[in-house]
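Take a look at the structure below.
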Amino acid sequence: MAREAGHICLEERARLTLADLSFKSAKDLVTVADRRVEMFLVSTIKKNYPDHCILGEETGETTGTAPIRWIIDPIDGTTSFVHHQPFYSVSIALEKNGCVIASGVYAPVLDELFVAEKGKGASLNGTPIRVSDTFKMEHAVMATGFACLRAGWADNNLRYLNRIAPGLRDVRRYGSAALDLCYTACGRLDGYWEMNLNLYDIAAGALILSEAGGRVSDFNGTDRFPENGTAAANPHLHPKLLDHLKN
């Protein structure tokens, strides 16, 4: 289903025009492609599992009678999508009784599918993945994002960036929280932090990271993410990242 949704992304991007763009807020883009991909995902799920609940970025909550909920972000990284950059993804998580038990994140341009099942590990295009063994912050490459700036937050990520970046080898900015978590899961990144995310941004990637041996929490080290920030890293670096994020 993630791959099929990704193919729709590629088709829609090939014919995207300015008329297909709109804004949820001053800086927050949405396109007809976001809506078409989400309609495909919702209709596919409801066709196969009519009693399941769904939480989608564009359509909100769709109720059902089963204790199962799908959490979907049709295009995580819409700005990258619009600007012909490859770092966007389709993100799908399956939650049962409040716990995410399976997930998939697909990057259509890169043709990379990350999947995980709780207790059974994570993989990239069928090959098992693990987090990095990087131990020192000065050897680490981490990613972050600035959804908080788009939202106009006065208390924003810039102060954390100024704390953390000088102690790292380098910082990356991809623009898709789902991919940032997956890249941490497979060792391309050693860690990631961000503010002002929603559940559909991180639900799938968080399971993939956890199943790859990583740790994800809020900025205080508890499980109240993403509402209290999202901090993710390999197990060596996670507590060191938190040292910079705790108020």
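The chains in the structure tokens are called A, B, ... from first to last as shown; in each chain the residues are counted from 1, and the ligands are counted from 1 in the order shown.
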What's around Cys186 in chain A at 9 Å? Count only C-alpha atoms, leave out sequence neighbours fewer than 2 positions away in its own chain, and write the answer as a ChimeraX atom specification. /A:122-124,128-132,181-184,188-189,209,212
Taking the backbone alone, and naming residues the way the document does, which bits of range 16-198 of chain A are helix (DSSP H, G or I) by DSSP, as a compact mmCIF listing (two decimals) with C-alpha atoms, in the first residue's frame?
# COMPACT_ATOMS: atom_id res chain seq x y z
CA LEU A 18 0.92 26.34 -8.91
CA ALA A 19 -2.85 26.01 -9.04
CA ASP A 20 -2.51 22.72 -7.13
CA VAL A 32 -3.84 18.15 -4.32
CA ALA A 33 -1.36 15.26 -4.21
CA ASP A 34 -1.50 15.13 -0.40
CA ARG A 35 -5.26 14.81 -0.60
CA ARG A 36 -5.28 12.26 -3.43
CA VAL A 37 -2.74 10.01 -1.71
CA GLU A 38 -4.66 10.16 1.57
CA MET A 39 -7.93 9.37 -0.21
CA PHE A 40 -6.25 6.31 -1.75
CA LEU A 41 -4.94 5.13 1.62
CA VAL A 42 -8.20 5.71 3.48
CA SER A 43 -10.32 4.01 0.80
CA THR A 44 -7.94 1.03 0.61
CA ILE A 45 -7.97 0.57 4.37
CA LYS A 46 -11.75 0.93 4.64
CA LYS A 47 -12.29 -1.50 1.77
CA ASN A 48 -10.21 -4.19 3.48
CA THR A 78 5.45 18.36 1.26
CA THR A 79 7.91 21.23 0.82
CA SER A 80 10.53 18.79 -0.50
CA PHE A 81 7.87 17.25 -2.74
CA VAL A 82 6.93 20.62 -4.24
CA MET A 137 28.63 13.57 20.24
CA GLU A 138 31.63 15.09 18.44
CA HIS A 139 31.62 12.11 16.07
CA ALA A 147 8.19 23.02 12.09
CA CYS A 148 8.12 25.30 15.15
CA LEU A 149 9.36 28.24 13.05
CA ARG A 150 6.69 27.65 10.40
CA LEU A 158 16.93 27.68 17.38
CA ARG A 159 18.09 27.72 21.00
CA TYR A 160 18.51 23.93 20.97
CA LEU A 161 20.32 24.06 17.63
CA ASN A 162 22.75 26.59 19.10
CA ARG A 163 23.35 24.28 22.06
CA ILE A 164 23.74 21.04 20.13
CA ALA A 165 25.30 21.84 16.75
CA PRO A 166 28.70 23.10 18.03
CA GLY A 167 29.31 19.74 19.72
CA ALA A 177 10.43 13.56 10.27
CA ALA A 178 9.57 10.03 9.15
CA LEU A 179 12.75 9.79 7.08
CA ASP A 180 14.87 11.41 9.81
CA LEU A 181 13.78 8.63 12.17
CA CYS A 182 14.37 5.95 9.53
CA TYR A 183 17.80 7.34 8.67
CA THR A 184 18.66 7.20 12.37
CA ALA A 185 17.38 3.62 12.41
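Here CA of Pro50 in chain A is placed at a distance of 12.3 Å from CA of Pro67 in chain A.
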Selection: 12 Å around Glu194 in chain A, only C-alpha atoms, excl. self and same-chain fewer than 3 positions, as a count of residues only: 41
Selection near range 61-63 of chain A, 12 Å with only C-alpha atoms, sequence-local residues under 2 positions removed, as a PDB file with N, CA and C atoms, in the first residue's frame:
ATOM      1  N   MET A  39      -6.679   9.998   0.209  1.00  0.00           N
ATOM      2  CA  MET A  39      -7.933   9.371  -0.212  1.00  0.00           C
ATOM      3  C   MET A  39      -7.698   7.918  -0.636  1.00  0.00           C
ATOM      4  N   VAL A  42      -6.992   5.882   2.681  1.00  0.00           N
ATOM      5  CA  VAL A  42      -8.204   5.709   3.483  1.00  0.00           C
ATOM      6  C   VAL A  42      -9.168   4.743   2.806  1.00  0.00           C
ATOM      7  N   SER A  43      -9.372   4.896   1.503  1.00  0.00           N
ATOM      8  CA  SER A  43     -10.316   4.014   0.803  1.00  0.00           C
ATOM      9  C   SER A  43      -9.817   2.577   0.773  1.00  0.00           C
ATOM     10  N   ILE A  45      -7.814   1.114   3.029  1.00  0.00           N
ATOM     11  CA  ILE A  45      -7.968   0.566   4.373  1.00  0.00           C
ATOM     12  C   ILE A  45      -9.425   0.226   4.657  1.00  0.00           C
ATOM     13  N   LYS A  46     -10.338   1.153   4.353  1.00  0.00           N
ATOM     14  CA  LYS A  46     -11.747   0.931   4.644  1.00  0.00           C
ATOM     15  C   LYS A  46     -12.331  -0.216   3.806  1.00  0.00           C
ATOM     16  N   TYR A  49     -10.635  -3.252   5.681  1.00  0.00           N
ATOM     17  CA  TYR A  49     -10.891  -3.310   7.124  1.00  0.00           C
ATOM     18  C   TYR A  49     -11.925  -2.249   7.491  1.00  0.00           C
ATOM     19  N   PRO A  50     -13.177  -2.459   7.165  1.00  0.00           N
ATOM     20  CA  PRO A  50     -14.200  -1.412   7.363  1.00  0.00           C
ATOM     21  C   PRO A  50     -14.426  -1.019   8.809  1.00  0.00           C
ATOM     22  N   ASP A  51     -14.029  -1.877   9.760  1.00  0.00           N
ATOM     23  CA  ASP A  51     -14.258  -1.558  11.170  1.00  0.00           C
ATOM     24  C   ASP A  51     -13.062  -0.885  11.830  1.00  0.00           C
ATOM     25  N   HIS A  52     -11.979  -0.617  11.075  1.00  0.00           N
ATOM     26  CA  HIS A  52     -10.789   0.001  11.649  1.00  0.00           C
ATOM     27  C   HIS A  52     -10.919   1.521  11.697  1.00  0.00           C
ATOM     28  N   CYS A  53     -10.267   2.135  12.687  1.00  0.00           N
ATOM     29  CA  CYS A  53     -10.186   3.590  12.795  1.00  0.00           C
ATOM     30  C   CYS A  53      -8.987   4.085  11.981  1.00  0.00           C
ATOM     31  N   ILE A  54      -9.038   5.353  11.587  1.00  0.00           N
ATOM     32  CA  ILE A  54      -7.945   5.951  10.819  1.00  0.00           C
ATOM     33  C   ILE A  54      -7.717   7.371  11.328  1.00  0.00           C
ATOM     34  N   LEU A  55      -6.439   7.723  11.501  1.00  0.00           N
ATOM     35  CA  LEU A  55      -6.046   9.108  11.745  1.00  0.00           C
ATOM     36  C   LEU A  55      -5.179   9.540  10.573  1.00  0.00           C
ATOM     37  N   GLY A  56      -5.672  10.502   9.790  1.00  0.00           N
ATOM     38  CA  GLY A  56      -4.925  11.007   8.648  1.00  0.00           C
ATOM     39  C   GLY A  56      -4.643  12.482   8.785  1.00  0.00           C
ATOM     40  N   GLU A  57      -3.524  12.924   8.222  1.00  0.00           N
ATOM     41  CA  GLU A  57      -3.159  14.338   8.330  1.00  0.00           C
ATOM     42  C   GLU A  57      -4.220  15.236   7.700  1.00  0.00           C
ATOM     43  N   GLU A  58      -4.740  14.836   6.545  1.00  0.00           N
ATOM     44  CA  GLU A  58      -5.652  15.714   5.808  1.00  0.00           C
ATOM     45  C   GLU A  58      -7.112  15.500   6.170  1.00  0.00           C
ATOM     46  N   THR A  59      -7.488  14.273   6.518  1.00  0.00           N
ATOM     47  CA  THR A  59      -8.896  13.969   6.762  1.00  0.00           C
ATOM     48  C   THR A  59      -9.253  13.854   8.236  1.00  0.00           C
ATOM     49  N   THR A  65     -15.140   0.473  14.822  1.00  0.00           N
ATOM     50  CA  THR A  65     -15.514  -0.275  16.019  1.00  0.00           C
ATOM     51  C   THR A  65     -14.388  -1.135  16.568  1.00  0.00           C
ATOM     52  N   ALA A  66     -13.346  -1.387  15.781  1.00  0.00           N
ATOM     53  CA  ALA A  66     -12.236  -2.232  16.220  1.00  0.00           C
ATOM     54  C   ALA A  66     -11.231  -1.407  17.035  1.00  0.00           C
ATOM     55  N   PRO A  67     -10.467  -2.073  17.926  1.00  0.00           N
ATOM     56  CA  PRO A  67      -9.450  -1.363  18.722  1.00  0.00           C
ATOM     57  C   PRO A  67      -8.160  -1.168  17.925  1.00  0.00           C
ATOM     58  N   ILE A  68      -8.307  -0.917  16.652  1.00  0.00           N
ATOM     59  CA  ILE A  68      -7.161  -0.787  15.741  1.00  0.00           C
ATOM     60  C   ILE A  68      -7.284   0.538  15.001  1.00  0.00           C
ATOM     61  N   ARG A  69      -6.153   1.255  14.922  1.00  0.00           N
ATOM     62  CA  ARG A  69      -6.142   2.540  14.239  1.00  0.00           C
ATOM     63  C   ARG A  69      -4.934   2.631  13.309  1.00  0.00           C
ATOM     64  N   TRP A  70      -5.194   3.081  12.092  1.00  0.00           N
ATOM     65  CA  TRP A  70      -4.132   3.384  11.137  1.00  0.00           C
ATOM     66  C   TRP A  70      -3.781   4.858  11.267  1.00  0.00           C
ATOM     67  N   ILE A  71      -2.489   5.177  11.310  1.00  0.00           N
ATOM     68  CA  ILE A  71      -2.019   6.546  11.443  1.00  0.00           C
ATOM     69  C   ILE A  71      -1.209   6.862  10.188  1.00  0.00           C
ATOM     70  N   ILE A  72      -1.714   7.773   9.363  1.00  0.00           N
ATOM     71  CA  ILE A  72      -1.118   7.963   8.040  1.00  0.00           C
ATOM     72  C   ILE A  72      -0.764   9.430   7.765  1.00  0.00           C
ATOM     73  N   TYR A 200       1.006  11.721  13.392  1.00  0.00           N
ATOM     74  CA  TYR A 200       1.138  11.121  12.074  1.00  0.00           C
ATOM     75  C   TYR A 200       2.517  11.365  11.454  1.00  0.00           C
TER      76      TYR A 200
END
Can you check which residues of range 73-210 of chain A DSSP gives as strand (DSSP E) on the backbone and send them as a VMD selection string? chain A and resid 73 to 76 89 to 96 99 to 107 112 to 117 122 to 124 127 to 128 141 to 144 170 to 172 191 to 194
Pull N, CA and C atoms from the residues just selected and write them as a compact mmCIF listing (two decimals), in the first residue's frame.
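For reference, part15.txt as written:
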# COMPACT_ATOMS: atom_id res chain seq x y z
N ASP A 73 0.38 9.60 7.14
CA ASP A 73 0.79 10.90 6.60
C ASP A 73 1.04 10.67 5.12
N PRO A 74 0.19 11.19 4.24
CA PRO A 74 0.29 10.85 2.83
C PRO A 74 1.58 11.33 2.18
N ILE A 75 2.02 12.54 2.52
CA ILE A 75 3.30 13.05 2.05
C ILE A 75 3.96 13.78 3.21
N ASP A 76 4.88 13.11 3.86
CA ASP A 76 5.63 13.74 4.95
C ASP A 76 6.84 14.43 4.33
N SER A 89 8.17 11.33 2.04
CA SER A 89 7.81 9.92 2.23
C SER A 89 6.33 9.75 2.49
N VAL A 90 5.86 8.53 2.26
CA VAL A 90 4.54 8.09 2.68
C VAL A 90 4.73 7.34 4.00
N SER A 91 4.01 7.72 5.02
CA SER A 91 4.20 7.15 6.36
C SER A 91 2.91 6.49 6.83
N ILE A 92 2.99 5.21 7.20
CA ILE A 92 1.81 4.44 7.62
C ILE A 92 2.16 3.65 8.88
N ALA A 93 1.39 3.82 9.93
CA ALA A 93 1.57 3.05 11.16
C ALA A 93 0.26 2.35 11.52
N LEU A 94 0.37 1.18 12.13
CA LEU A 94 -0.79 0.41 12.58
C LEU A 94 -0.73 0.30 14.10
N GLU A 95 -1.76 0.82 14.74
CA GLU A 95 -1.81 0.89 16.19
C GLU A 95 -2.92 -0.03 16.71
N LYS A 96 -2.61 -0.83 17.72
CA LYS A 96 -3.61 -1.70 18.35
C LYS A 96 -3.63 -1.43 19.84
N CYS A 99 -0.99 0.99 21.02
CA CYS A 99 0.42 0.67 20.83
C CYS A 99 0.68 0.41 19.35
N VAL A 100 1.67 1.08 18.76
CA VAL A 100 2.01 0.85 17.35
C VAL A 100 2.69 -0.50 17.21
N ILE A 101 2.14 -1.35 16.36
CA ILE A 101 2.64 -2.72 16.23
C ILE A 101 3.27 -3.00 14.87
N ALA A 102 3.05 -2.13 13.89
CA ALA A 102 3.66 -2.33 12.57
C ALA A 102 3.68 -0.98 11.86
N SER A 103 4.66 -0.81 10.97
CA SER A 103 4.72 0.46 10.25
C SER A 103 5.55 0.33 8.99
N GLY A 104 5.31 1.28 8.09
CA GLY A 104 6.09 1.38 6.86
C GLY A 104 6.28 2.83 6.47
N VAL A 105 7.47 3.16 5.99
CA VAL A 105 7.79 4.49 5.48
C VAL A 105 8.44 4.30 4.13
N TYR A 106 7.84 4.90 3.09
CA TYR A 106 8.34 4.71 1.72
C TYR A 106 8.73 6.04 1.11
N ALA A 107 9.97 6.12 0.62
CA ALA A 107 10.46 7.30 -0.09
C ALA A 107 10.40 7.01 -1.58
N GLU A 112 12.92 3.55 -1.54
CA GLU A 112 13.37 2.92 -0.30
C GLU A 112 12.16 2.71 0.62
N LEU A 113 11.95 1.46 1.01
CA LEU A 113 10.85 1.11 1.88
C LEU A 113 11.39 0.59 3.21
N PHE A 114 11.14 1.35 4.27
CA PHE A 114 11.49 0.94 5.63
C PHE A 114 10.24 0.32 6.26
N VAL A 115 10.38 -0.83 6.88
CA VAL A 115 9.25 -1.47 7.55
C VAL A 115 9.69 -2.03 8.90
N ALA A 116 8.73 -2.18 9.79
CA ALA A 116 8.99 -2.78 11.10
C ALA A 116 7.74 -3.44 11.62
N GLU A 117 7.95 -4.48 12.41
CA GLU A 117 6.87 -5.11 13.17
C GLU A 117 7.35 -5.25 14.59
N ALA A 122 13.48 -4.33 12.19
CA ALA A 122 13.19 -3.38 11.11
C ALA A 122 14.08 -3.67 9.92
N SER A 123 13.61 -3.25 8.74
CA SER A 123 14.38 -3.53 7.53
C SER A 123 14.24 -2.38 6.54
N LEU A 124 15.17 -2.34 5.59
CA LEU A 124 15.14 -1.41 4.47
C LEU A 124 15.21 -2.24 3.19
N THR A 127 16.25 -5.79 3.82
CA THR A 127 17.51 -6.06 4.53
C THR A 127 17.42 -5.50 5.94
N PRO A 128 17.71 -6.31 6.97
CA PRO A 128 17.64 -5.82 8.35
C PRO A 128 18.54 -4.62 8.58
N VAL A 141 26.57 12.73 13.48
CA VAL A 141 25.82 13.54 12.53
C VAL A 141 24.34 13.40 12.90
N MET A 142 23.70 14.51 13.17
CA MET A 142 22.30 14.48 13.58
C MET A 142 21.47 15.38 12.68
N ALA A 143 20.18 15.14 12.67
CA ALA A 143 19.24 15.94 11.88
C ALA A 143 18.27 16.65 12.81
N THR A 144 17.69 17.71 12.30
CA THR A 144 16.64 18.40 13.03
C THR A 144 15.71 19.04 12.02
N ASP A 170 28.41 17.23 12.46
CA ASP A 170 27.65 18.01 11.48
C ASP A 170 26.16 17.82 11.72
N VAL A 171 25.37 18.66 11.05
CA VAL A 171 23.90 18.63 11.15
C VAL A 171 23.33 18.52 9.74
N ARG A 172 22.25 17.76 9.61
CA ARG A 172 21.54 17.62 8.35
C ARG A 172 20.10 18.10 8.52
N GLY A 191 21.38 10.64 15.26
CA GLY A 191 20.32 11.15 16.12
C GLY A 191 19.49 12.20 15.42
N TYR A 192 18.40 12.58 16.07
CA TYR A 192 17.44 13.52 15.49
C TYR A 192 16.60 14.11 16.60
N TRP A 193 16.31 15.41 16.48
CA TRP A 193 15.37 16.04 17.42
C TRP A 193 14.53 17.08 16.68
N GLU A 194 13.31 17.31 17.17
CA GLU A 194 12.45 18.33 16.58
C GLU A 194 11.30 18.66 17.52
Among listed residues A:Leu16, A:Leu242, A:Ala203, A:Ile208, nearest Gly98 in chain A (using only C-alpha atoms): A:Ala203
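With only C-alpha atoms as the atoms that count, the minimum distance from Ala14 in chain A to the choices A:Asp155, A:Gly213, A:Met1, A:His83 is reached by A:His83.
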